[in-house]
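File shown here: target.txt, holding compact mmCIF, C-alpha atoms.
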```txt
# COMPACT_ATOMS: atom_id res chain seq x y z
CA MET A 1 104.41 90.01 117.55
CA ASN A 2 101.48 90.69 115.25
CA ILE A 3 101.94 91.39 111.61
CA SER A 4 100.86 94.85 110.54
CA ILE A 5 101.07 96.62 107.20
CA PRO A 6 103.40 99.34 108.55
CA GLY A 7 105.53 96.57 110.07
CA LEU A 8 105.74 94.73 106.74
CA ILE A 9 106.67 97.94 104.96
CA ARG A 10 109.46 98.54 107.48
CA TRP A 11 110.81 95.01 106.95
CA ALA A 12 110.74 95.71 103.25
CA GLY A 13 113.16 98.54 104.06
CA PHE A 14 115.50 95.86 105.33
CA ALA A 15 115.08 93.96 102.04
CA ALA A 16 115.87 97.17 100.12
CA MET A 17 119.04 97.58 102.22
CA ALA A 18 120.03 93.99 101.42
CA ALA A 19 119.40 94.63 97.72
CA GLY A 20 121.40 97.87 97.82
CA LEU A 21 124.30 96.26 99.65
CA SER A 22 124.43 93.28 97.29
CA TYR A 23 124.18 95.50 94.21
CA THR A 24 126.99 97.72 95.53
CA LEU A 25 129.11 94.59 96.02
CA VAL A 26 128.24 93.46 92.48
CA GLY A 27 129.78 96.73 91.32
CA VAL A 28 132.88 96.22 93.45
CA LEU A 29 133.47 92.52 92.71
CA HIS A 30 132.25 91.97 89.15
CA PRO A 31 135.22 91.25 86.91
CA ALA A 32 135.25 92.12 83.22
CA ASN A 33 132.88 90.05 81.06
CA GLU A 34 135.57 87.92 79.44
CA ALA A 35 135.71 84.15 78.94
CA SER A 36 138.80 83.90 81.16
CA THR A 37 136.95 85.28 84.19
CA ILE A 38 133.75 83.20 84.23
CA THR A 39 135.14 80.34 86.24
CA SER A 40 136.75 82.69 88.78
CA SER A 41 135.25 82.85 92.24
CA ALA A 42 134.82 86.64 91.93
CA TRP A 43 132.62 86.13 88.87
CA ILE A 44 130.47 83.51 90.57
CA ALA A 45 130.22 85.58 93.78
CA ALA A 46 129.22 88.67 91.78
CA HIS A 47 126.41 86.78 90.08
CA ILE A 48 125.09 85.17 93.24
CA LEU A 49 125.02 88.70 94.67
CA ALA A 50 123.17 89.87 91.55
CA MET A 51 120.56 87.15 92.15
CA ALA A 52 120.24 88.41 95.73
CA THR A 53 119.78 91.95 94.37
CA SER A 54 116.89 90.73 92.26
CA PHE A 55 115.26 88.79 95.09
CA PHE A 56 115.55 91.40 97.84
CA GLY A 57 115.06 94.18 95.32
CA LEU A 58 111.58 92.96 94.36
CA PHE A 59 110.47 92.90 98.01
CA GLY A 60 112.33 96.09 98.90
CA LEU A 61 111.04 98.11 95.99
CA THR A 62 107.49 96.99 96.76
CA GLY A 63 107.89 98.34 100.29
CA LEU A 64 109.53 101.58 99.12
CA TYR A 65 106.68 102.05 96.69
CA ALA A 66 103.91 101.03 99.11
CA ARG A 67 105.12 103.58 101.67
CA GLN A 68 104.69 106.43 99.24
CA ALA A 69 102.21 105.00 96.71
CA GLU A 70 99.65 107.75 97.07
CA LYS A 71 102.09 110.66 97.23
CA SER A 72 104.29 109.44 94.39
CA GLY A 73 101.38 109.21 91.94
CA TRP A 74 101.56 107.81 88.44
CA LEU A 75 105.23 108.69 88.12
CA GLY A 76 105.98 106.48 91.11
CA LEU A 77 103.83 103.62 89.83
CA ALA A 78 105.49 103.74 86.40
CA GLY A 79 108.96 103.81 87.97
CA TYR A 80 108.09 100.95 90.32
CA LEU A 81 106.74 98.73 87.54
CA LEU A 82 109.62 99.41 85.15
CA LEU A 83 112.28 98.86 87.79
CA SER A 84 110.55 95.68 89.04
CA LEU A 85 110.44 94.30 85.53
CA TRP A 86 114.15 95.08 85.23
CA LEU A 87 114.81 93.16 88.46
CA ALA A 88 112.84 90.17 87.10
CA LEU A 89 114.81 90.16 83.85
CA VAL A 90 118.08 90.54 85.75
CA LEU A 91 117.11 87.35 87.55
CA GLY A 92 116.77 85.56 84.21
CA PHE A 93 120.25 86.57 83.11
CA THR A 94 121.97 85.92 86.44
CA PHE A 95 120.13 82.62 86.82
CA VAL A 96 121.77 81.45 83.61
CA GLU A 97 125.13 82.84 84.71
CA VAL A 98 125.07 81.04 88.06
CA LEU A 99 123.30 77.78 87.19
CA VAL A 100 123.92 77.16 83.49
CA LEU A 101 127.08 78.87 82.29
CA PRO A 102 129.53 77.02 84.57
CA THR A 103 128.09 73.70 83.24
CA LEU A 104 128.44 74.85 79.66
CA ALA A 105 131.92 76.36 80.04
CA ASN A 106 133.52 73.09 78.88
CA ALA A 107 130.64 71.60 76.90
CA SER A 108 129.99 74.60 74.69
CA PRO A 109 132.64 77.34 74.62
CA ALA A 110 130.77 78.79 71.60
CA PHE A 111 127.64 79.38 73.69
CA VAL A 112 129.69 80.96 76.47
CA ALA A 113 131.43 83.24 73.96
CA GLY A 114 128.06 84.18 72.47
CA TRP A 115 126.62 84.87 75.92
CA LEU A 116 129.51 87.11 76.92
CA GLY A 117 129.19 88.82 73.55
CA LEU A 118 125.81 90.12 74.72
CA PHE A 119 127.64 92.21 77.30
CA ASN A 120 131.05 92.96 75.83
CA GLY A 121 129.88 93.43 72.24
CA THR A 122 132.02 90.75 70.57
CA ALA A 123 130.45 88.73 67.75
CA SER A 124 129.87 84.97 67.97
CA ASP A 125 128.73 81.97 65.92
CA ILE A 126 125.73 81.27 68.15
CA ASP A 127 122.55 83.12 67.30
CA LEU A 128 121.37 84.73 70.49
CA SER A 129 119.22 87.34 68.77
CA ALA A 130 116.16 86.88 71.03
CA LEU A 131 118.31 87.22 74.15
CA SER A 132 120.09 90.17 72.66
CA THR A 133 116.73 91.92 72.18
CA VAL A 134 115.79 91.24 75.81
CA TRP A 135 119.16 92.51 77.02
CA THR A 136 118.68 95.69 74.97
CA LEU A 137 115.25 96.10 76.58
CA THR A 138 116.74 96.01 80.08
CA ALA A 139 118.57 99.31 79.49
CA PRO A 140 115.47 101.55 79.07
CA LEU A 141 113.74 99.68 81.92
CA TYR A 142 116.67 100.42 84.22
CA ILE A 143 117.23 104.00 83.12
CA LEU A 144 113.59 105.09 82.90
CA GLY A 145 112.48 103.04 85.90
CA GLY A 146 115.25 104.35 88.14
CA MET A 147 114.82 107.92 86.94
CA LEU A 148 111.03 107.98 87.38
CA PHE A 149 111.09 106.20 90.74
CA GLY A 150 113.91 108.47 91.96
CA ILE A 151 112.13 111.65 90.87
CA ALA A 152 108.80 110.44 92.29
CA THR A 153 110.54 109.68 95.60
CA PHE A 154 112.12 113.14 95.60
CA ARG A 155 108.75 114.77 94.97
CA ALA A 156 106.80 112.66 97.45
CA ARG A 157 108.93 113.97 100.39
CA ILE A 158 108.38 110.84 102.49
CA LEU A 159 111.68 108.97 102.18
CA SER A 160 115.12 110.54 101.91
CA ARG A 161 114.93 112.94 98.95
CA TRP A 162 118.68 112.81 98.35
CA ALA A 163 118.59 109.04 98.09
CA GLY A 164 115.85 109.41 95.48
CA LEU A 165 118.00 111.86 93.52
CA LEU A 166 121.01 109.54 93.75
CA LEU A 167 118.88 106.69 92.37
CA ALA A 168 117.72 108.83 89.45
CA ALA A 169 121.24 110.12 88.73
CA GLY A 170 122.84 106.69 89.14
CA THR A 171 120.50 104.92 86.75
CA VAL A 172 120.56 107.73 84.18
CA MET A 173 124.36 107.54 84.21
CA GLY A 174 124.16 103.78 83.47
CA PRO A 175 124.79 104.13 79.72
CA VAL A 176 128.03 106.01 80.43
CA ALA A 177 129.44 102.60 81.35
CA ALA A 178 129.45 101.72 77.65
CA PHE A 179 132.26 104.23 77.12
CA VAL A 180 134.63 103.02 79.83
CA PRO A 181 136.97 100.00 79.73
CA LEU A 182 135.38 96.55 80.32
CA ASP A 183 136.70 96.09 83.83
CA TRP A 184 135.33 99.50 84.89
CA GLN A 185 131.82 99.00 83.52
CA PRO A 186 130.39 97.13 86.54
CA LYS A 187 131.32 100.08 88.79
CA ALA A 188 128.24 101.89 87.44
CA ALA A 189 126.23 99.71 89.84
CA ILE A 190 127.82 101.29 92.92
CA PRO A 191 125.88 104.63 93.12
CA VAL A 192 122.58 102.81 92.40
CA GLY A 193 123.34 100.22 95.07
CA ILE A 194 124.12 102.97 97.58
CA ALA A 195 120.88 104.76 96.67
CA LEU A 196 118.85 101.58 97.32
CA LEU A 197 120.69 100.99 100.60
CA TRP A 198 119.97 104.56 101.63
CA LEU A 199 116.28 104.39 100.63
CA GLY A 200 115.93 101.12 102.50
CA TYR A 201 117.53 102.64 105.59
CA SER A 202 115.26 105.63 105.30
CA LEU A 203 112.22 103.30 105.27
CA TRP A 204 113.58 101.04 108.02
CA SER A 205 114.52 103.86 110.39
CA GLU A 206 111.35 105.91 110.29
CA ARG A 207 109.60 104.00 113.05
CA ARG A 208 109.18 107.09 115.20
CA VAL A 209 107.17 108.96 112.64
CA ARG A 210 104.91 106.03 111.82
CA ALA A 211 102.18 107.06 114.21
CA SER A 212 101.99 110.63 113.03
CA ALA A 213 103.11 110.72 109.43
CA ILE A 214 101.28 107.74 108.01
CA THR A 215 97.78 108.83 107.24
CA PRO A 216 94.97 106.30 107.45
CA ALA A 217 94.35 106.87 103.75
CA GLY A 218 97.85 105.60 103.09
CA LEU A 219 97.05 102.33 104.71
CA THR A 220 93.83 101.21 103.18
CA ALA A 221 95.71 98.08 102.34
CA MET B 1 92.34 109.24 88.87
CA THR B 2 94.49 109.21 91.98
CA ILE B 3 96.32 106.12 93.12
CA THR B 4 95.26 104.64 96.42
CA SER B 5 96.44 101.51 98.19
CA ALA B 6 92.95 100.03 97.80
CA ARG B 7 93.04 100.61 94.03
CA LEU B 8 96.51 99.08 93.74
CA ILE B 9 95.28 95.97 95.54
CA ARG B 10 92.25 95.81 93.23
CA TRP B 11 94.46 96.09 90.17
CA SER B 12 96.71 93.34 91.46
CA GLY B 13 93.57 91.18 91.33
CA ILE B 14 93.73 91.49 87.53
CA ALA B 15 97.32 90.24 87.61
CA ALA B 16 96.21 87.22 89.68
CA ILE B 17 93.38 86.50 87.22
CA LEU B 18 95.78 86.67 84.25
CA ALA B 19 98.29 84.42 86.02
CA GLY B 20 95.54 81.90 86.78
CA LEU B 21 94.17 81.97 83.22
CA ILE B 22 97.61 81.29 81.76
CA PHE B 23 98.52 78.69 84.39
CA ALA B 24 95.36 76.65 83.81
CA GLY B 25 94.94 77.49 80.13
CA ILE B 26 98.33 76.44 78.75
CA GLN B 27 98.28 72.94 80.23
CA PRO B 28 96.17 71.23 77.50
CA ILE B 29 98.27 72.76 74.69
CA HIS B 30 101.71 72.63 76.33
CA PRO B 31 104.17 70.86 73.98
CA ALA B 32 105.78 67.68 75.29
CA ASP B 33 108.98 68.28 77.30
CA VAL B 34 111.26 66.77 74.66
CA VAL B 35 114.24 68.14 72.72
CA ALA B 36 112.26 68.29 69.45
CA SER B 37 109.69 70.65 70.99
CA VAL B 38 112.01 73.45 72.06
CA THR B 39 112.67 74.81 68.58
CA THR B 40 109.01 74.95 67.55
CA SER B 41 107.08 78.21 67.45
CA LEU B 42 104.40 76.73 69.74
CA TRP B 43 107.14 76.34 72.37
CA ALA B 44 108.14 80.00 71.97
CA VAL B 45 104.52 81.14 72.38
CA ILE B 46 103.66 78.89 75.34
CA ILE B 47 106.88 79.55 77.22
CA SER B 48 106.55 83.32 76.66
CA LEU B 49 103.10 83.05 78.22
CA LYS B 50 104.64 81.13 81.12
CA LEU B 51 107.15 83.94 81.65
CA ALA B 52 104.29 86.45 81.72
CA MET B 53 102.42 84.12 84.10
CA CYS B 54 105.33 84.16 86.58
CA LEU B 55 105.43 87.97 86.60
CA PHE B 56 101.64 88.28 86.94
CA PHE B 57 101.75 85.71 89.73
CA LEU B 58 104.33 87.71 91.71
CA VAL B 59 102.22 90.87 91.44
CA GLY B 60 98.93 89.06 92.04
CA ILE B 61 100.03 87.10 95.11
CA THR B 62 101.45 90.31 96.62
CA GLY B 63 98.04 91.93 96.29
CA ILE B 64 96.19 88.88 97.64
CA TYR B 65 98.56 88.83 100.59
CA ALA B 66 98.44 92.58 101.21
CA ARG B 67 94.64 92.50 101.31
CA GLN B 68 94.66 90.09 104.26
CA ALA B 69 98.17 90.56 105.72
CA GLU B 70 97.10 91.50 109.21
CA LYS B 71 94.48 88.77 109.52
CA ALA B 72 96.62 86.08 107.86
CA GLY B 73 99.35 86.35 110.51
CA TRP B 74 102.65 84.52 110.41
CA LEU B 75 101.18 81.57 108.57
CA GLY B 76 100.09 83.87 105.76
CA PHE B 77 103.45 85.61 105.72
CA ALA B 78 105.31 82.31 105.52
CA GLY B 79 103.03 81.08 102.73
CA PHE B 80 103.46 84.33 100.80
CA ALA B 81 107.25 84.30 101.19
CA LEU B 82 107.55 80.64 100.11
CA LEU B 83 105.26 81.08 97.10
CA THR B 84 107.22 84.18 96.10
CA VAL B 85 110.52 82.27 96.28
CA SER B 86 108.97 79.46 94.24
CA PHE B 87 107.74 81.69 91.41
CA TRP B 88 110.87 83.85 91.52
CA LEU B 89 112.91 80.69 90.87
CA GLN B 90 110.34 79.54 88.30
CA THR B 91 110.97 82.81 86.42
CA GLY B 92 114.62 81.80 86.11
CA PHE B 93 113.79 78.29 84.86
CA VAL B 94 111.27 79.63 82.35
CA PHE B 95 113.87 82.16 81.17
CA VAL B 96 116.24 79.25 80.43
CA GLU B 97 113.46 77.28 78.68
CA LEU B 98 112.64 80.26 76.51
CA PHE B 99 116.02 81.78 75.68
CA VAL B 100 118.69 79.12 76.24
CA LEU B 101 117.25 75.69 75.36
CA PRO B 102 116.18 76.55 71.76
CA VAL B 103 119.61 78.05 71.04
CA VAL B 104 121.58 74.99 72.18
CA ALA B 105 119.07 72.31 71.03
CA THR B 106 121.20 71.34 68.03
CA SER B 107 124.67 71.70 69.49
CA LEU B 108 123.96 70.35 72.99
CA PRO B 109 120.88 68.08 72.91
CA GLY B 110 122.21 66.31 76.03
CA PHE B 111 121.98 69.52 78.04
CA VAL B 112 118.44 70.19 76.81
CA GLU B 113 117.43 66.62 77.63
CA SER B 114 118.78 66.90 81.17
CA ALA B 115 117.23 70.34 81.70
CA LEU B 116 113.81 69.10 80.56
CA GLY B 117 114.32 65.95 82.58
CA ILE B 118 113.96 67.76 85.89
CA ALA B 119 110.36 68.59 84.96
CA ASN B 120 109.33 65.41 83.16
CA GLY B 121 110.89 63.06 85.68
CA GLN B 122 113.26 61.40 83.21
CA PRO B 123 116.72 62.68 84.13
CA GLY B 124 119.09 63.01 81.18
CA ALA B 125 122.61 61.64 81.07
CA MET B 126 124.41 64.98 81.26
CA ASP B 127 125.25 66.36 84.71
CA ILE B 128 123.76 69.85 84.83
CA GLY B 129 125.00 70.77 88.31
CA ALA B 130 123.04 73.06 90.62
CA PHE B 131 120.15 73.27 88.17
CA VAL B 132 118.59 70.12 89.65
CA PRO B 133 118.67 71.00 93.39
CA ALA B 134 117.41 74.51 92.55
CA TYR B 135 114.34 72.91 91.00
CA GLY B 136 113.89 70.83 94.15
CA VAL B 137 113.87 74.01 96.26
CA LEU B 138 111.25 75.46 93.91
CA GLY B 139 109.04 72.39 94.33
CA VAL B 140 109.22 72.36 98.13
CA CYS B 141 108.47 76.10 98.30
CA TYR B 142 105.50 75.67 95.97
CA LEU B 143 104.04 72.80 97.97
CA LEU B 144 104.57 74.29 101.44
CA GLY B 145 103.84 77.85 100.34
CA GLY B 146 100.56 76.90 98.66
CA LEU B 147 99.48 74.83 101.65
CA LEU B 148 100.29 77.51 104.26
CA PHE B 149 98.93 80.37 102.18
CA GLY B 150 95.72 78.46 101.51
CA ILE B 151 95.20 77.63 105.19
CA ALA B 152 96.01 81.20 106.25
CA THR B 153 93.52 82.54 103.70
CA ILE B 154 90.81 80.22 105.01
CA ARG B 155 91.51 81.26 108.60
CA ALA B 156 91.74 84.98 107.82
CA ALA B 157 88.22 84.83 106.33
CA VAL B 158 88.79 88.03 104.36
CA LEU B 159 88.64 86.40 100.92
CA PRO B 160 86.34 83.53 99.83
CA ARG B 161 87.14 80.14 101.32
CA LEU B 162 86.52 77.94 98.32
CA PRO B 163 89.49 79.15 96.25
CA ALA B 164 91.65 79.13 99.39
CA ILE B 165 90.84 75.44 99.94
CA LEU B 166 91.47 74.78 96.26
CA LEU B 167 94.87 76.51 96.50
CA ALA B 168 95.97 74.45 99.49
CA VAL B 169 94.74 71.19 97.97
CA ALA B 170 96.24 71.94 94.54
CA ALA B 171 99.67 72.56 96.08
CA VAL B 172 99.59 69.37 98.12
CA ILE B 173 98.40 67.07 95.32
CA THR B 174 101.17 68.24 92.97
CA PRO B 175 103.70 65.64 94.20
CA ALA B 176 100.99 62.97 94.06
CA ALA B 177 100.61 63.83 90.38
CA ALA B 178 104.13 62.46 89.87
CA LEU B 179 102.58 59.02 90.13
CA LEU B 180 100.50 59.75 87.03
CA PRO B 181 101.77 59.62 83.46
CA HIS B 182 103.61 62.87 82.64
CA ALA B 183 100.94 63.99 80.16
CA LEU B 184 98.39 63.96 82.99
CA GLN B 185 100.69 65.50 85.64
CA ARG B 186 100.30 68.90 84.01
CA TYR B 187 96.66 69.00 84.97
CA ALA B 188 97.64 69.37 88.63
CA ALA B 189 98.21 73.02 87.69
CA VAL B 190 94.57 73.54 86.69
CA PRO B 191 93.03 73.78 90.20
CA MET B 192 95.84 76.16 91.21
CA GLY B 193 95.04 78.32 88.17
CA ILE B 194 91.33 78.34 89.02
CA ALA B 195 92.11 79.25 92.64
CA LEU B 196 94.16 82.23 91.44
CA ILE B 197 91.40 83.37 89.07
CA LEU B 198 88.81 83.23 91.85
CA LEU B 199 91.00 84.97 94.44
CA GLY B 200 91.99 87.61 91.88
CA TYR B 201 88.36 88.14 90.94
CA SER B 202 87.33 88.59 94.54
CA LEU B 203 90.02 91.30 94.97
CA TRP B 204 88.95 93.00 91.77
CA SER B 205 85.25 92.89 92.50
CA GLU B 206 85.28 94.27 96.03
CA ARG B 207 85.36 97.90 94.94
CA ARG B 208 82.97 98.97 97.66
CA ARG B 209 85.69 98.50 100.22
CA GLU B 210 87.70 101.26 98.59
CA ASN B 211 85.79 103.59 100.87
CA ALA B 212 84.81 101.26 103.66
CA GLY B 213 88.39 99.95 103.99
CA LEU B 214 89.54 103.34 105.24
CA VAL B 215 87.59 102.72 108.36
CA THR B 216 88.01 98.99 108.84
CA SER B 217 91.79 98.86 108.61
CA ARG B 218 92.33 101.72 111.02
CA PRO B 219 92.14 100.02 114.40
CA ALA B 220 94.57 97.32 113.38
CA ILE B 221 97.14 99.92 112.44
CA ALA B 222 96.62 102.01 115.51
CA ALA B 223 97.15 98.92 117.65
CA THR B 224 100.67 98.43 116.32
CA ASN B 225 101.97 101.91 117.02
```

Would you give me this structure, written as structure tokens?
Amino acid sequence: MNISIPGLIRWAGFAAMAAGLSYTLVGVLHPANEASTITSSAWIAAHILAMATSFFGLFGLTGLYARQAEKSGWLGLAGYLLLSLWLALVLGFTFVEVLVLPTLANASPAFVAGWLGLFNGTASDIDLSALSTVWTLTAPLYILGGMLFGIATFRARILSRWAGLLLAAGTVMGPVAAFVPLDWQPKAAIPVGIALLWLGYSLWSERRVRASAITPAGLTA
Amino acid sequence: MTITSARLIRWSGIAAILAGLIFAGIQPIHPADVVASVTTSLWAVIISLKLAMCLFFLVGITGIYARQAEKAGWLGFAGFALLTVSFWLQTGFVFVELFVLPVVATSLPGFVESALGIANGQPGAMDIGAFVPAYGVLGVCYLLGGLLFGIATIRAAVLPRLPAILLAVAAVITPAAALLPHALQRYAAVPMGIALILLGYSLWSERRRENAGLVTSRPAIAATN
């Protein structure tokens, strides 16, 4: 089988589905951000899944964007870049949670408490101000990126428009999580995960229309 | 200005150039990988640049790959995927170097020593778990990915050969650099940086194809449908 650009873009749909599925599961499995949960298997599983979301998400989003780059215009490009940057920063945080935090759980409970304080708002003795700034930055990246990419997808009329709307609505609703109890907060990931899964499926399943709908201009790549 | 795939690929050339400039440029001024370095402001500046380099690399290599995807075949795809995994993991390690190591340098110097030890080849006393094998995966992906991607780029003959050869060679000599003193090992990154700058520049400078590409890429696409 030869490699073609439309083929690569379709495979990226599969990556987007994997990202959506793992992010949905993050929402389902992630326990509350409390010191007592970080050695639980659910906590570790949720963060390995979050790493998978970042990995597959970067490929998947690139494919979702590439498929509609010309139709989605500047709005689409802005959404794609913001959301990709969010995925890269998410990797940083989950990388620490999977590979560093379990090691430090015994060695430095103060660091672990400070780390969790980034997410659950409790104060700590460790100065994590730089990290706290980065974590604050992830919110506008997620909200704006998801909203712009979702709206651009809706307007481009190439992939499922409803999935685009769900992505926009799901990410915009993200901040609502701050007002619900700790163990409910991760559930905010579920609609966004489903939207990604849906968009990925929409990209993966459109093989029949490839010949007619993809214009040569869309494939200068 | 409307967005076209050809323009996006050209712009990604800028990302590759920036990644290459940082990758090659920081090596002479990179602070020593020791506990005392991580709280200095030079560390904060250099490691922030490294974080930016990882992100530019991911964008740049995607463009370099997209430009020659059909000609580069499975070899090119494998090289691209491995290099992406390598720099995706690198992003995580750099994130730890930038945001975690300075914070725990005073309270947990043993952890910092062990974490830096995976790069400088002098393992610390503290067991830091999966951190070490993850770095091994990164290294293998970098070596194999660079080699395959370089060979695929040479064979595809879409982009200039010289930087492609440089890329393959730079990836392969990296483990050999382990035989050198650590201060010199860093310079193994310089040819890789130069290769990225040259490949990025060739993407950026081929603006004529923005029009011509419409025609040339057509048969390949038609053949797959």

Between A:Ser36, A:Thr24, A:Ser41, A:Ser72, which has the minimum distance to chain B (counting only C-alpha atoms)? A:Ser72

Looking at only C-alpha atoms, which of B:Ala171, B:Leu198, B:Ala115, B:Ile29 is the one that sits closest to Leu42 in chain B?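 Among the listed residues, the smallest separation from Leu42 in chain B belongs to B:Ile29.
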
At a cut-off of 6 Å, using all atoms listed in the file, what residues contact range 151-157 of chain B? Leave out same-chain residues fewer than 4 positions from it and give the result as a PyMOL selection string. chain B and resi 71-72+75-76+161+164

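With only C-alpha atoms as the atoms that count, the minimum distance from chain A to the choices B:Ile173, B:Val190, B:Ile22, B:Val96 is reached by B:Val96.
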
One number please: CA of Pro175 in chain B to CA of Glu97 in chain A, in Å, one decimal.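 Computed distance, CA of Pro175 in chain B to CA of Glu97 in chain A, equals 29.1 Å.
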
What's the separation between CA of Gly150 in chain A and CA of Ala169 in chain A, in Å to one decimal place? 8.2 Å

Residues within 7 Å of Ala188 in chain A, please, as number ranges by chain. Count only C-alpha atoms; anything in the same chain fewer than 2 positions from it doesn't count. A: 27, 174, 177, 185-186, 190-191

Set the distance at 9 Å and use all atoms listed in the file: which residues neighbour range 82-89 of chain A once local chain neighbours fewer than 4 positions away are removed? I'd like the list as a PyMOL selection string. (chain A and resi 53-55+57-58+61-62+77-78+93-94+134-135+137-146+148-149) or (chain B and resi 55+88+91-92+95)

Could the residues in this selection be saved with C-alpha atoms as a JSON list (two decimals), in the coordinates of the input?
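Just written: again_32.json:
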```json
[["chain", "number", "residue", "atom", "x", "y", "z"],
["A", 53, "THR", "CA", 119.78, 91.95, 94.37],
["A", 54, "SER", "CA", 116.89, 90.73, 92.26],
["A", 55, "PHE", "CA", 115.26, 88.79, 95.09],
["A", 57, "GLY", "CA", 115.06, 94.18, 95.32],
["A", 58, "LEU", "CA", 111.58, 92.96, 94.36],
["A", 61, "LEU", "CA", 111.04, 98.11, 95.99],
["A", 62, "THR", "CA", 107.49, 96.99, 96.76],
["A", 77, "LEU", "CA", 103.83, 103.62, 89.83],
["A", 78, "ALA", "CA", 105.49, 103.74, 86.40],
["A", 93, "PHE", "CA", 120.25, 86.57, 83.11],
["A", 94, "THR", "CA", 121.97, 85.92, 86.44],
["A", 134, "VAL", "CA", 115.79, 91.24, 75.81],
["A", 135, "TRP", "CA", 119.16, 92.51, 77.02],
["A", 137, "LEU", "CA", 115.25, 96.10, 76.58],
["A", 138, "THR", "CA", 116.74, 96.01, 80.08],
["A", 139, "ALA", "CA", 118.57, 99.31, 79.49],
["A", 140, "PRO", "CA", 115.47, 101.55, 79.07],
["A", 141, "LEU", "CA", 113.74, 99.68, 81.92],
["A", 142, "TYR", "CA", 116.67, 100.42, 84.22],
["A", 143, "ILE", "CA", 117.23, 104.00, 83.12],
["A", 144, "LEU", "CA", 113.59, 105.09, 82.90],
["A", 145, "GLY", "CA", 112.48, 103.04, 85.90],
["A", 146, "GLY", "CA", 115.25, 104.35, 88.14],
["A", 148, "LEU", "CA", 111.03, 107.98, 87.38],
["A", 149, "PHE", "CA", 111.09, 106.20, 90.74],
["B", 55, "LEU", "CA", 105.43, 87.97, 86.60],
["B", 88, "TRP", "CA", 110.87, 83.85, 91.52],
["B", 91, "THR", "CA", 110.97, 82.81, 86.42],
["B", 92, "GLY", "CA", 114.62, 81.80, 86.11],
["B", 95, "PHE", "CA", 113.87, 82.16, 81.17]]
```

Separation of CA of Ser114 in chain B from CA of Leu49 in chain A, in Å and rounded to one decimal: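 Going from CA of Ser114 in chain B over to CA of Leu49 in chain A covers 26.4 Å.
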
Hey, which of A:Leu116, A:Leu99, A:Val180, A:Leu167 ends up closest to Val192 in chain A? Count all atoms listed in the file.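 Answer, going by the shortest atom-to-atom distance: A:Leu167.
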
Do you know which residues are at most 9 Å from Phe14 in chain A counting only C-alpha atoms, after dropping those on the same chain fewer than 6 positions away, and could you put them as a VMD selection string? chain A and resid 56 60 197 200 to 201 203 to 204

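The shell of residues at most 8 Å from Ser202 in chain B, with all atoms listed in the file counted and near chain neighbours (fewer than 3 positions) removed, consists of Gly13, Leu159, Pro160, Leu198, Leu199, Ser205 and Glu206 of chain B.
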
Go through B:Ile46, B:Leu18, B:Leu82, B:Ala134 one by one, measure the shortest atom-to-atom distance of each to chain A using only C-alpha atoms, and give the residue with the smallest value.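 Of all the options, B:Ala134 lies closest to chain A.
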
List every protein, DNA or RNA residue that has an atom no more than 12 Å from (122.8, 70.7, 72.2) in the file's coordinate frame, counting only C-alpha atoms, and report them as a VMD selection string. (chain A and resid 104 107 to 108 110 to 111 126) or (chain B and resid 35 to 36 38 to 39 100 to 115 126)

With distances taken over only C-alpha atoms, which of B:Gly129, B:Thr4, B:Glu97, B:Ser41 is nearest to Leu116 in chain B?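 Closest to Leu116 in chain B of all the choices is B:Glu97.
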
Around (89.4, 94.8, 96.5), as given in the file, which residues come within 6 Å? Count only C-alpha atoms and list them as number ranges by chain. B: 10, 203-204, 206-207
